[in-house]
Amino acid sequence: MAGRRVLVVGSGGREHALVLALSRDPGVAEVHVAPGNPGTASIATNHPVDPLDGPQVARLATSLAADLVVIGPEAPLVAGVADAVREAGIACFGPTAEAARIEGSKSFAKEVMAAAGVPTGASRTCRTVAETTAALDEFGPPYVVKDDGLAAGKGVLVTEDRQAALGHAAGCPQVVVEEYLDGPEVSLFAITDGSTVLPMQPAQDFKRVGDGDTGPNTGGMGAYTPLPWAPRDLVEDVLATVLQPTVDEMARRGTPFVGLLYAGLALTSRGVRVIEFNARFGDPETQALLAVLESPLGEVLYAAATGTLADQPPLRWRPGAAVAVVLGAEGYPQQPVVGGRITGADGQLSDGAQVIQAGTAVDDEGHLISSGGRVLAVVGAGDALDSARRAAYDRISRISLPGSFYRSDIAEAAATSASVPE
């Protein structure tokens, strides 16, 4: 048969990574992106379509005769773009708006976990100052306060400062206050067709802006995979206790989850606990994971979108490791400076490293410029974490953007010791 035509929705680094992986699949003939970025334009066809406009995305998919639509970011999913695509009769990888509530509302996710018997931290949903105050007193410090809605990965405050916790809550219509979960964090993604669950290998991302996990939370400053320190049975354990029960509970509710279920986990002293669920590929973990994925991505995502995932073999992974290091714009995450000229980012692959564009644009003179807080990521691949780190850091050191910065310690602890990081 002729190769599939795939439309990817989104414009960030995750979407660039998805496009690169899809273009490597021999079963994929064409890749289109809406709206994409300058990085995707070099390997796919960009279309200036609003990713939040379901009917517009569906019309584009129809006009392209797309066989599969892959929705990258959370906002289009929560807005119901997947629903519009399915109504147009096109296979879609991404949950319905109702199913995407598992990310769109943290209190809803807690309800699902309670019903499915999934281990997670105790929590309280709060709408008033009095409720928030009582919850903070109940759980004590460190205080964990989460905006109940979407916040682009920056809606969580973990602090010893009670007034700061109250202040964060005051800025949100509704918050979830929960007990602090100790131990290292792990991201475990699973591809699902609403019934069968196909887990990926674990990854770890770095949320804080500064070295040593200092400063405010960001959308993610880097990631790596695999995790040499993780328990050998971690994937099996999480599949049995978290992923499959959650997918089964969503189906039982009549809102089957089709797409990528992302479990953010804490490996606590009392066992694995779910911190949160996301309804899509995580960024920047996706950049590292797809760099070492051997399975044909288009085939697997199409199987999930068409309910035939049970026919797929387990995912195959290249030996070795991948490390993604994010370049942040000056002022990120508070007030990123945009419009700066980027040099040295040309060339997709060199010395085991790949540049994945995220917050980029092209100016009137054709120069690559920054257009967002997380500008790009460099993904290094190698036989082990230390060589993957070297490849990533050597490549990112040759990229120039005035005022930009990156963390110097991504995967450092894991590369130098197989023991569990703090």
# chains A, B, ... in the order shown; residues from 1 in each chain; ligands from 1
>>> residues_around(residues="stretch 291-299 of chain A", least_positions_apart="4", cutoff="6 Å", atoms="only C-alpha atoms", output="PyMOL selection string")
chain A and resi 22+25+315-318
>>> write_last_selection(atoms="C-alpha atoms", output="tab-separated table (two decimals), in the first residue's frame")
chain	number	residue	atom	x	y	z
A	22	LEU	CA	7.32	10.10	11.74
A	25	ASP	CA	8.91	5.63	9.46
A	315	LEU	CA	8.02	-1.07	21.49
A	316	ARG	CA	11.65	-1.51	20.42
A	317	TRP	CA	14.41	0.77	21.69
A	318	ARG	CA	17.91	1.42	20.42
>>> select_by_dssp(residues="stretch 212-360 of chain A", states="helix (DSSP H, G or I)", output="PyMOL selection string")
chain A and resi 234-252+285-291+297-305+309-311
>>> closest_atom_pairs(of="stretch 365-416 of chain A", to="stretch 195-216 of chain A", cutoff="9 Å", atoms="only C-alpha atoms", output="Markdown table")
| residue | atom | partner | partner_atom | distance |
| --- | --- | --- | --- | --- |
| A:Tyr406 | CA | A:Gly210 | CA | 8.1 |
| A:Arg407 | CA | A:Asp211 | CA | 5.5 |
| A:Ser408 | CA | A:Asp211 | CA | 6.5 |
| A:Asp409 | CA | A:Asp211 | CA | 6.0 |
| A:Ile410 | CA | A:Phe206 | CA | 7.3 |
| A:Ala411 | CA | A:Gln204 | CA | 8.5 |
>>> atom_distance(atom1="atom CA of A:Ile342", atom2="atom CA of A:Ala358")
12.4 Å
>>> atom_distance(atom1="atom CA of A:Val28", atom2="atom CA of A:Arg5")
6.3 Å
>>> closest_residue(among="A:Asn46, A:Glu98, A:Val9, A:Phe405", to="A:Ala58", atoms="only C-alpha atoms")
A:Val9
>>> select_by_dssp(residues="stretch 90-276 of chain A", states="strand (DSSP E)", output="ChimeraX atom specification")
/A:91-93,123-126,143-147,156-159,175-178,185-192,197-199,204-205,208-210,214-217,222-225,259-268,271-276
>>> residues_around(residues="A:Gly340", least_positions_apart="2", cutoff="6 Å", atoms="only C-alpha atoms", output="list in words")
Val338, Ile369 and Ser370 of chain A
>>> residues_around(residues="A:Val19", least_positions_apart="3", cutoff="10 Å", atoms="only C-alpha atoms", output="PyMOL selection string")
chain A and resi 6-8+13-16+22-24+31-33+36+39-41+43-44+70+297-298
>>> write_last_selection(atoms="all heavy atoms", output="short mmCIF file (atom, residue, chain, number, x, y, z; two decimals), in the first residue's frame")
data_model
loop_
_atom_site.label_atom_id
_atom_site.label_comp_id
_atom_site.auth_asym_id
_atom_site.auth_seq_id
_atom_site.Cartn_x
_atom_site.Cartn_y
_atom_site.Cartn_z
N VAL A 6 0.26 11.98 7.20
CA VAL A 6 0.04 12.30 8.62
C VAL A 6 0.07 13.81 8.82
O VAL A 6 0.95 14.50 8.29
CB VAL A 6 1.12 11.63 9.52
CG1 VAL A 6 0.83 11.90 10.99
CG2 VAL A 6 1.18 10.12 9.26
N LEU A 7 -0.89 14.30 9.60
CA LEU A 7 -0.93 15.71 10.00
C LEU A 7 -0.66 15.80 11.49
O LEU A 7 -1.37 15.20 12.29
CB LEU A 7 -2.31 16.31 9.67
CG LEU A 7 -2.57 17.72 10.22
CD1 LEU A 7 -1.61 18.75 9.62
CD2 LEU A 7 -4.03 18.13 9.96
N VAL A 8 0.37 16.56 11.86
CA VAL A 8 0.71 16.79 13.26
C VAL A 8 0.22 18.19 13.64
O VAL A 8 0.47 19.16 12.91
CB VAL A 8 2.23 16.69 13.49
CG1 VAL A 8 2.59 17.04 14.94
CG2 VAL A 8 2.72 15.28 13.15
N GLY A 13 8.62 22.12 20.35
CA GLY A 13 9.67 21.13 20.24
C GLY A 13 9.14 19.70 20.19
O GLY A 13 9.69 18.86 19.48
N ARG A 14 8.11 19.44 20.95
CA ARG A 14 7.50 18.10 20.93
C ARG A 14 7.04 17.76 19.52
O ARG A 14 7.25 16.66 19.02
CB ARG A 14 6.32 18.09 21.90
CG ARG A 14 5.33 16.95 21.70
CD ARG A 14 4.10 17.13 22.58
NE ARG A 14 3.65 18.49 22.59
CZ ARG A 14 3.36 19.18 23.70
NH1 ARG A 14 3.43 18.60 24.87
NH2 ARG A 14 2.97 20.44 23.64
N GLU A 15 6.41 18.74 18.85
CA GLU A 15 5.90 18.48 17.50
C GLU A 15 7.04 18.30 16.50
O GLU A 15 6.97 17.46 15.61
CB GLU A 15 4.97 19.61 17.06
CG GLU A 15 3.63 19.59 17.78
CD GLU A 15 3.71 20.05 19.24
OE1 GLU A 15 4.40 21.06 19.52
OE2 GLU A 15 3.11 19.38 20.11
N HIS A 16 8.12 19.07 16.65
CA HIS A 16 9.29 18.88 15.78
C HIS A 16 9.85 17.48 15.95
O HIS A 16 10.18 16.80 14.97
CB HIS A 16 10.35 19.95 16.10
CG HIS A 16 11.49 19.99 15.12
ND1 HIS A 16 12.55 20.84 15.26
CD2 HIS A 16 11.73 19.27 13.98
CE1 HIS A 16 13.41 20.65 14.26
NE2 HIS A 16 12.93 19.70 13.48
N LEU A 22 8.26 10.56 12.76
CA LEU A 22 7.32 10.10 11.74
C LEU A 22 7.99 10.03 10.37
O LEU A 22 7.75 9.11 9.58
CB LEU A 22 6.11 11.02 11.69
CG LEU A 22 5.14 10.91 12.87
CD1 LEU A 22 4.21 12.11 12.93
CD2 LEU A 22 4.33 9.61 12.79
N SER A 23 8.86 11.00 10.09
CA SER A 23 9.53 11.01 8.78
C SER A 23 10.51 9.86 8.63
O SER A 23 10.88 9.50 7.51
CB SER A 23 10.23 12.36 8.56
OG SER A 23 11.30 12.53 9.47
N ARG A 24 10.93 9.27 9.75
CA ARG A 24 11.83 8.10 9.69
C ARG A 24 11.06 6.80 9.46
O ARG A 24 11.66 5.77 9.18
CB ARG A 24 12.62 7.98 11.00
CG ARG A 24 13.65 9.07 11.22
CD ARG A 24 14.63 8.69 12.32
NE ARG A 24 14.00 8.50 13.62
CZ ARG A 24 13.90 9.45 14.56
NH1 ARG A 24 14.38 10.66 14.32
NH2 ARG A 24 13.34 9.20 15.72
N VAL A 31 4.39 14.11 5.70
CA VAL A 31 4.09 14.68 7.01
C VAL A 31 3.74 16.15 6.83
O VAL A 31 4.47 16.90 6.16
CB VAL A 31 5.27 14.54 8.00
CG1 VAL A 31 4.86 15.05 9.38
CG2 VAL A 31 5.72 13.08 8.10
N HIS A 32 2.62 16.55 7.40
CA HIS A 32 2.16 17.94 7.39
C HIS A 32 2.05 18.41 8.84
O HIS A 32 1.82 17.59 9.75
CB HIS A 32 0.81 18.05 6.69
CG HIS A 32 0.87 17.67 5.25
ND1 HIS A 32 0.95 18.59 4.23
CD2 HIS A 32 0.85 16.43 4.64
CE1 HIS A 32 0.98 17.95 3.06
NE2 HIS A 32 0.92 16.65 3.29
N VAL A 33 2.19 19.72 9.06
CA VAL A 33 2.13 20.27 10.42
C VAL A 33 1.27 21.52 10.43
O VAL A 33 1.34 22.34 9.51
CB VAL A 33 3.54 20.64 10.95
CG1 VAL A 33 3.51 20.73 12.48
CG2 VAL A 33 4.58 19.63 10.50
N GLY A 36 3.15 24.30 12.92
CA GLY A 36 4.57 23.99 12.80
C GLY A 36 5.47 25.16 13.16
O GLY A 36 5.02 26.19 13.67
N GLY A 39 11.73 24.71 12.20
CA GLY A 39 12.37 23.40 12.20
C GLY A 39 11.56 22.36 11.46
O GLY A 39 12.10 21.57 10.66
N THR A 40 10.24 22.33 11.67
CA THR A 40 9.40 21.35 10.97
C THR A 40 9.32 21.66 9.49
O THR A 40 9.16 20.76 8.67
CB THR A 40 7.98 21.30 11.57
OG1 THR A 40 7.34 22.57 11.40
CG2 THR A 40 8.01 20.96 13.05
N ALA A 41 9.46 22.95 9.13
CA ALA A 41 9.35 23.34 7.72
C ALA A 41 10.44 22.70 6.86
O ALA A 41 10.26 22.54 5.66
CB ALA A 41 9.42 24.86 7.59
N ILE A 43 11.48 19.62 7.03
CA ILE A 43 11.26 18.19 6.78
C ILE A 43 9.79 17.84 6.53
O ILE A 43 9.46 16.69 6.26
CB ILE A 43 11.76 17.34 7.97
CG1 ILE A 43 11.28 17.93 9.31
CG2 ILE A 43 13.26 17.18 7.94
CD1 ILE A 43 11.54 17.04 10.49
N ALA A 44 8.90 18.83 6.65
CA ALA A 44 7.47 18.59 6.46
C ALA A 44 6.86 19.85 5.84
O ALA A 44 7.55 20.84 5.60
CB ALA A 44 6.80 18.26 7.80
N VAL A 70 -2.24 13.62 14.43
CA VAL A 70 -1.59 13.47 15.73
C VAL A 70 -1.60 14.84 16.40
O VAL A 70 -1.00 15.79 15.89
CB VAL A 70 -0.14 12.97 15.57
CG1 VAL A 70 0.53 12.86 16.93
CG2 VAL A 70 -0.11 11.63 14.85
N LEU A 297 7.02 4.89 14.37
CA LEU A 297 6.07 5.66 15.16
C LEU A 297 4.72 5.79 14.48
O LEU A 297 3.68 5.68 15.12
CB LEU A 297 6.65 7.06 15.46
CG LEU A 297 5.79 7.94 16.36
CD1 LEU A 297 5.67 7.35 17.76
CD2 LEU A 297 6.34 9.36 16.42
N GLY A 298 4.71 6.06 13.18
CA GLY A 298 3.44 6.23 12.46
C GLY A 298 2.56 5.01 12.55
O GLY A 298 1.34 5.11 12.75
#
>>> atom_distance(atom1="atom CA of A:Asp386", atom2="atom CA of A:Ala415")
5.2 Å
>>> closest_residue(among="A:Pro173, A:Pro142, A:Gly222, A:Gly121", to="A:Arg270", atoms="only C-alpha atoms")
A:Gly121
>>> residues_around(residues="A:Ala29", least_positions_apart="2", cutoff="7 Å", atoms="only C-alpha atoms", output="list in words")
Gly3, Arg4, Arg5 and Gly27 of chain A
>>> write_last_selection(atoms="C-alpha atoms", output="mmCIF file, in the first residue's frame")
data_model
loop_
_atom_site.group_PDB
_atom_site.id
_atom_site.type_symbol
_atom_site.label_atom_id
_atom_site.label_comp_id
_atom_site.auth_asym_id
_atom_site.auth_seq_id
_atom_site.Cartn_x
_atom_site.Cartn_y
_atom_site.Cartn_z
ATOM 1 C CA GLY A 3 2.519 5.327 2.611
ATOM 2 C CA ARG A 4 0.322 7.167 5.086
ATOM 3 C CA ARG A 5 -0.244 10.908 5.074
ATOM 4 C CA GLY A 27 5.252 3.551 6.201
#
>>> residues_around(residues="A:Gly328", least_positions_apart="2", cutoff="7 Å", atoms="only C-alpha atoms", output="list in words")
Val326, Glu330, Tyr332, Gly373, Arg374, Val375, Ser404, Phe405 and Tyr406 of chain A
>>> write_last_selection(atoms="all heavy atoms", output="PDB file, in the first residue's frame")
ATOM      1  N   VAL A 326      17.593  21.948  27.096  1.00  0.00           N
ATOM      2  CA  VAL A 326      16.771  23.041  26.568  1.00  0.00           C
ATOM      3  C   VAL A 326      17.498  24.373  26.681  1.00  0.00           C
ATOM      4  O   VAL A 326      18.088  24.688  27.728  1.00  0.00           O
ATOM      5  CB  VAL A 326      15.422  23.105  27.319  1.00  0.00           C
ATOM      6  CG1 VAL A 326      14.647  24.370  26.954  1.00  0.00           C
ATOM      7  CG2 VAL A 326      14.590  21.861  27.005  1.00  0.00           C
ATOM      8  N   GLU A 330      16.384  34.671  27.509  1.00  0.00           N
ATOM      9  CA  GLU A 330      16.598  35.588  28.617  1.00  0.00           C
ATOM     10  C   GLU A 330      15.255  35.952  29.264  1.00  0.00           C
ATOM     11  O   GLU A 330      14.281  36.245  28.577  1.00  0.00           O
ATOM     12  CB  GLU A 330      17.273  36.870  28.106  1.00  0.00           C
ATOM     13  CG  GLU A 330      17.552  37.888  29.179  1.00  0.00           C
ATOM     14  CD  GLU A 330      18.192  39.154  28.629  1.00  0.00           C
ATOM     15  OE1 GLU A 330      18.415  39.233  27.400  1.00  0.00           O
ATOM     16  OE2 GLU A 330      18.467  40.064  29.430  1.00  0.00           O
ATOM     17  N   TYR A 332      13.248  33.900  30.883  1.00  0.00           N
ATOM     18  CA  TYR A 332      12.358  32.751  31.073  1.00  0.00           C
ATOM     19  C   TYR A 332      12.562  32.176  32.470  1.00  0.00           C
ATOM     20  O   TYR A 332      13.689  32.132  32.936  1.00  0.00           O
ATOM     21  CB  TYR A 332      12.665  31.689  30.009  1.00  0.00           C
ATOM     22  CG  TYR A 332      11.841  30.425  30.117  1.00  0.00           C
ATOM     23  CD1 TYR A 332      10.504  30.420  29.733  1.00  0.00           C
ATOM     24  CD2 TYR A 332      12.397  29.257  30.626  1.00  0.00           C
ATOM     25  CE1 TYR A 332       9.744  29.263  29.842  1.00  0.00           C
ATOM     26  CE2 TYR A 332      11.647  28.101  30.736  1.00  0.00           C
ATOM     27  CZ  TYR A 332      10.316  28.105  30.350  1.00  0.00           C
ATOM     28  OH  TYR A 332       9.562  26.963  30.462  1.00  0.00           O
ATOM     29  N   GLY A 373       9.754  31.190  25.265  1.00  0.00           N
ATOM     30  CA  GLY A 373      10.644  31.040  26.407  1.00  0.00           C
ATOM     31  C   GLY A 373      11.610  29.885  26.277  1.00  0.00           C
ATOM     32  O   GLY A 373      12.798  30.006  26.572  1.00  0.00           O
ATOM     33  N   ARG A 374      11.086  28.727  25.860  1.00  0.00           N
ATOM     34  CA  ARG A 374      11.952  27.586  25.582  1.00  0.00           C
ATOM     35  C   ARG A 374      12.193  27.594  24.075  1.00  0.00           C
ATOM     36  O   ARG A 374      11.305  27.284  23.291  1.00  0.00           O
ATOM     37  CB  ARG A 374      11.317  26.283  26.058  1.00  0.00           C
ATOM     38  CG  ARG A 374      11.281  26.174  27.571  1.00  0.00           C
ATOM     39  CD  ARG A 374      10.806  24.823  28.038  1.00  0.00           C
ATOM     40  NE  ARG A 374       9.447  24.534  27.610  1.00  0.00           N
ATOM     41  CZ  ARG A 374       8.888  23.333  27.676  1.00  0.00           C
ATOM     42  NH1 ARG A 374       9.575  22.300  28.116  1.00  0.00           N
ATOM     43  NH2 ARG A 374       7.644  23.154  27.300  1.00  0.00           N
ATOM     44  N   VAL A 375      13.391  27.962  23.686  1.00  0.00           N
ATOM     45  CA  VAL A 375      13.674  28.278  22.283  1.00  0.00           C
ATOM     46  C   VAL A 375      13.932  27.018  21.464  1.00  0.00           C
ATOM     47  O   VAL A 375      13.389  26.850  20.365  1.00  0.00           O
ATOM     48  CB  VAL A 375      14.876  29.237  22.190  1.00  0.00           C
ATOM     49  CG1 VAL A 375      15.184  29.581  20.733  1.00  0.00           C
ATOM     50  CG2 VAL A 375      14.587  30.500  22.989  1.00  0.00           C
ATOM     51  N   SER A 404      20.597  34.092  26.346  1.00  0.00           N
ATOM     52  CA  SER A 404      20.025  32.755  26.564  1.00  0.00           C
ATOM     53  C   SER A 404      20.840  31.976  27.590  1.00  0.00           C
ATOM     54  O   SER A 404      21.959  32.354  27.942  1.00  0.00           O
ATOM     55  CB  SER A 404      19.974  31.986  25.250  1.00  0.00           C
ATOM     56  OG  SER A 404      21.278  31.748  24.750  1.00  0.00           O
ATOM     57  N   PHE A 405      20.280  30.883  28.065  1.00  0.00           N
ATOM     58  CA  PHE A 405      20.930  30.070  29.088  1.00  0.00           C
ATOM     59  C   PHE A 405      20.443  28.634  28.994  1.00  0.00           C
ATOM     60  O   PHE A 405      19.430  28.343  28.366  1.00  0.00           O
ATOM     61  CB  PHE A 405      20.625  30.618  30.488  1.00  0.00           C
ATOM     62  CG  PHE A 405      19.169  30.494  30.862  1.00  0.00           C
ATOM     63  CD1 PHE A 405      18.713  29.399  31.594  1.00  0.00           C
ATOM     64  CD2 PHE A 405      18.242  31.449  30.456  1.00  0.00           C
ATOM     65  CE1 PHE A 405      17.361  29.266  31.930  1.00  0.00           C
ATOM     66  CE2 PHE A 405      16.891  31.327  30.780  1.00  0.00           C
ATOM     67  CZ  PHE A 405      16.455  30.237  31.513  1.00  0.00           C
ATOM     68  N   TYR A 406      21.168  27.731  29.642  1.00  0.00           N
ATOM     69  CA  TYR A 406      20.726  26.342  29.769  1.00  0.00           C
ATOM     70  C   TYR A 406      21.333  25.764  31.035  1.00  0.00           C
ATOM     71  O   TYR A 406      22.362  26.258  31.531  1.00  0.00           O
ATOM     72  CB  TYR A 406      21.099  25.507  28.538  1.00  0.00           C
ATOM     73  CG  TYR A 406      22.562  25.556  28.126  1.00  0.00           C
ATOM     74  CD1 TYR A 406      23.507  24.698  28.697  1.00  0.00           C
ATOM     75  CD2 TYR A 406      23.001  26.460  27.158  1.00  0.00           C
ATOM     76  CE1 TYR A 406      24.841  24.739  28.310  1.00  0.00           C
ATOM     77  CE2 TYR A 406      24.331  26.509  26.770  1.00  0.00           C
ATOM     78  CZ  TYR A 406      25.247  25.642  27.350  1.00  0.00           C
ATOM     79  OH  TYR A 406      26.570  25.694  26.975  1.00  0.00           O
TER      80      TYR A 406
END
>>> residues_around(residues="stretch 280-287 of chain A", least_positions_apart="4", cutoff="9 Å", atoms="only C-alpha atoms", output="NGL selection string")
:A and (12-14 or 16-18 or 71-74 or 77 or 94-95 or 100 or 103 or 187 or 189 or 203-206 or 219-225 or 259-262 or 291 or 322-326 or 356 or 377-379)
>>> closest_residue(among="A:Gly359, A:Gly117, A:Gly352, A:Pro226", to="A:Val242", atoms="only C-alpha atoms")
A:Gly117
>>> decode(residues="stretch 339-397 of chain A", atoms="C-alpha atoms", output="PDB file, in the first residue's frame")
ATOM      1  CA  GLY A 339      13.092  38.358  18.772  1.00  0.00           C
ATOM      2  CA  GLY A 340      16.786  37.647  19.373  1.00  0.00           C
ATOM      3  CA  ARG A 341      18.771  36.225  16.470  1.00  0.00           C
ATOM      4  CA  ILE A 342      19.839  32.584  16.773  1.00  0.00           C
ATOM      5  CA  THR A 343      23.039  31.387  15.133  1.00  0.00           C
ATOM      6  CA  GLY A 344      24.682  27.971  15.033  1.00  0.00           C
ATOM      7  CA  ALA A 345      21.427  25.984  15.085  1.00  0.00           C
ATOM      8  CA  ASP A 346      21.634  24.886  11.450  1.00  0.00           C
ATOM      9  CA  GLY A 347      21.970  21.228  10.603  1.00  0.00           C
ATOM     10  CA  GLN A 348      19.704  18.572  12.008  1.00  0.00           C
ATOM     11  CA  LEU A 349      22.225  15.917  12.948  1.00  0.00           C
ATOM     12  CA  SER A 350      25.903  16.230  13.775  1.00  0.00           C
ATOM     13  CA  ASP A 351      28.185  14.217  16.034  1.00  0.00           C
ATOM     14  CA  GLY A 352      25.276  12.340  17.594  1.00  0.00           C
ATOM     15  CA  ALA A 353      23.315  15.507  18.399  1.00  0.00           C
ATOM     16  CA  GLN A 354      20.133  16.924  16.917  1.00  0.00           C
ATOM     17  CA  VAL A 355      18.641  20.423  17.220  1.00  0.00           C
ATOM     18  CA  ILE A 356      14.900  20.423  17.941  1.00  0.00           C
ATOM     19  CA  GLN A 357      13.282  23.829  17.444  1.00  0.00           C
ATOM     20  CA  ALA A 358      10.497  25.035  19.750  1.00  0.00           C
ATOM     21  CA  GLY A 359      10.026  28.777  20.276  1.00  0.00           C
ATOM     22  CA  THR A 360      11.512  29.902  16.973  1.00  0.00           C
ATOM     23  CA  ALA A 361      10.443  32.009  13.994  1.00  0.00           C
ATOM     24  CA  VAL A 362      11.990  33.530  10.868  1.00  0.00           C
ATOM     25  CA  ASP A 363      12.265  37.309  10.551  1.00  0.00           C
ATOM     26  CA  ASP A 364      11.733  39.428   7.424  1.00  0.00           C
ATOM     27  CA  GLU A 365      15.351  38.934   6.425  1.00  0.00           C
ATOM     28  CA  GLY A 366      15.166  35.169   6.719  1.00  0.00           C
ATOM     29  CA  HIS A 367      17.126  34.925   9.982  1.00  0.00           C
ATOM     30  CA  LEU A 368      16.148  32.433  12.682  1.00  0.00           C
ATOM     31  CA  ILE A 369      14.916  34.266  15.801  1.00  0.00           C
ATOM     32  CA  SER A 370      13.464  33.364  19.189  1.00  0.00           C
ATOM     33  CA  SER A 371       9.691  33.531  19.650  1.00  0.00           C
ATOM     34  CA  GLY A 372       9.153  31.837  23.019  1.00  0.00           C
ATOM     35  CA  GLY A 373      10.644  31.040  26.407  1.00  0.00           C
ATOM     36  CA  ARG A 374      11.952  27.586  25.582  1.00  0.00           C
ATOM     37  CA  VAL A 375      13.674  28.278  22.283  1.00  0.00           C
ATOM     38  CA  LEU A 376      15.075  24.894  21.275  1.00  0.00           C
ATOM     39  CA  ALA A 377      16.493  21.664  22.614  1.00  0.00           C
ATOM     40  CA  VAL A 378      19.611  19.788  21.660  1.00  0.00           C
ATOM     41  CA  VAL A 379      19.276  16.008  21.917  1.00  0.00           C
ATOM     42  CA  GLY A 380      22.467  14.039  22.261  1.00  0.00           C
ATOM     43  CA  ALA A 381      22.556  10.288  21.681  1.00  0.00           C
ATOM     44  CA  GLY A 382      25.282   7.875  22.719  1.00  0.00           C
ATOM     45  CA  ASP A 383      26.165   4.424  23.946  1.00  0.00           C
ATOM     46  CA  ALA A 384      25.591   5.582  27.527  1.00  0.00           C
ATOM     47  CA  LEU A 385      24.374   8.660  29.378  1.00  0.00           C
ATOM     48  CA  ASP A 386      27.826  10.218  29.692  1.00  0.00           C
ATOM     49  CA  SER A 387      28.502  10.132  25.934  1.00  0.00           C
ATOM     50  CA  ALA A 388      24.951  11.332  25.202  1.00  0.00           C
ATOM     51  CA  ARG A 389      25.502  14.253  27.605  1.00  0.00           C
ATOM     52  CA  ARG A 390      28.798  15.151  25.955  1.00  0.00           C
ATOM     53  CA  ALA A 391      27.168  15.164  22.516  1.00  0.00           C
ATOM     54  CA  ALA A 392      24.295  17.388  23.705  1.00  0.00           C
ATOM     55  CA  TYR A 393      26.459  19.892  25.589  1.00  0.00           C
ATOM     56  CA  ASP A 394      29.087  20.107  22.842  1.00  0.00           C
ATOM     57  CA  ARG A 395      26.379  20.943  20.299  1.00  0.00           C
ATOM     58  CA  ILE A 396      24.429  23.438  22.431  1.00  0.00           C
ATOM     59  CA  SER A 397      27.653  25.288  23.310  1.00  0.00           C
TER      60      SER A 397
END
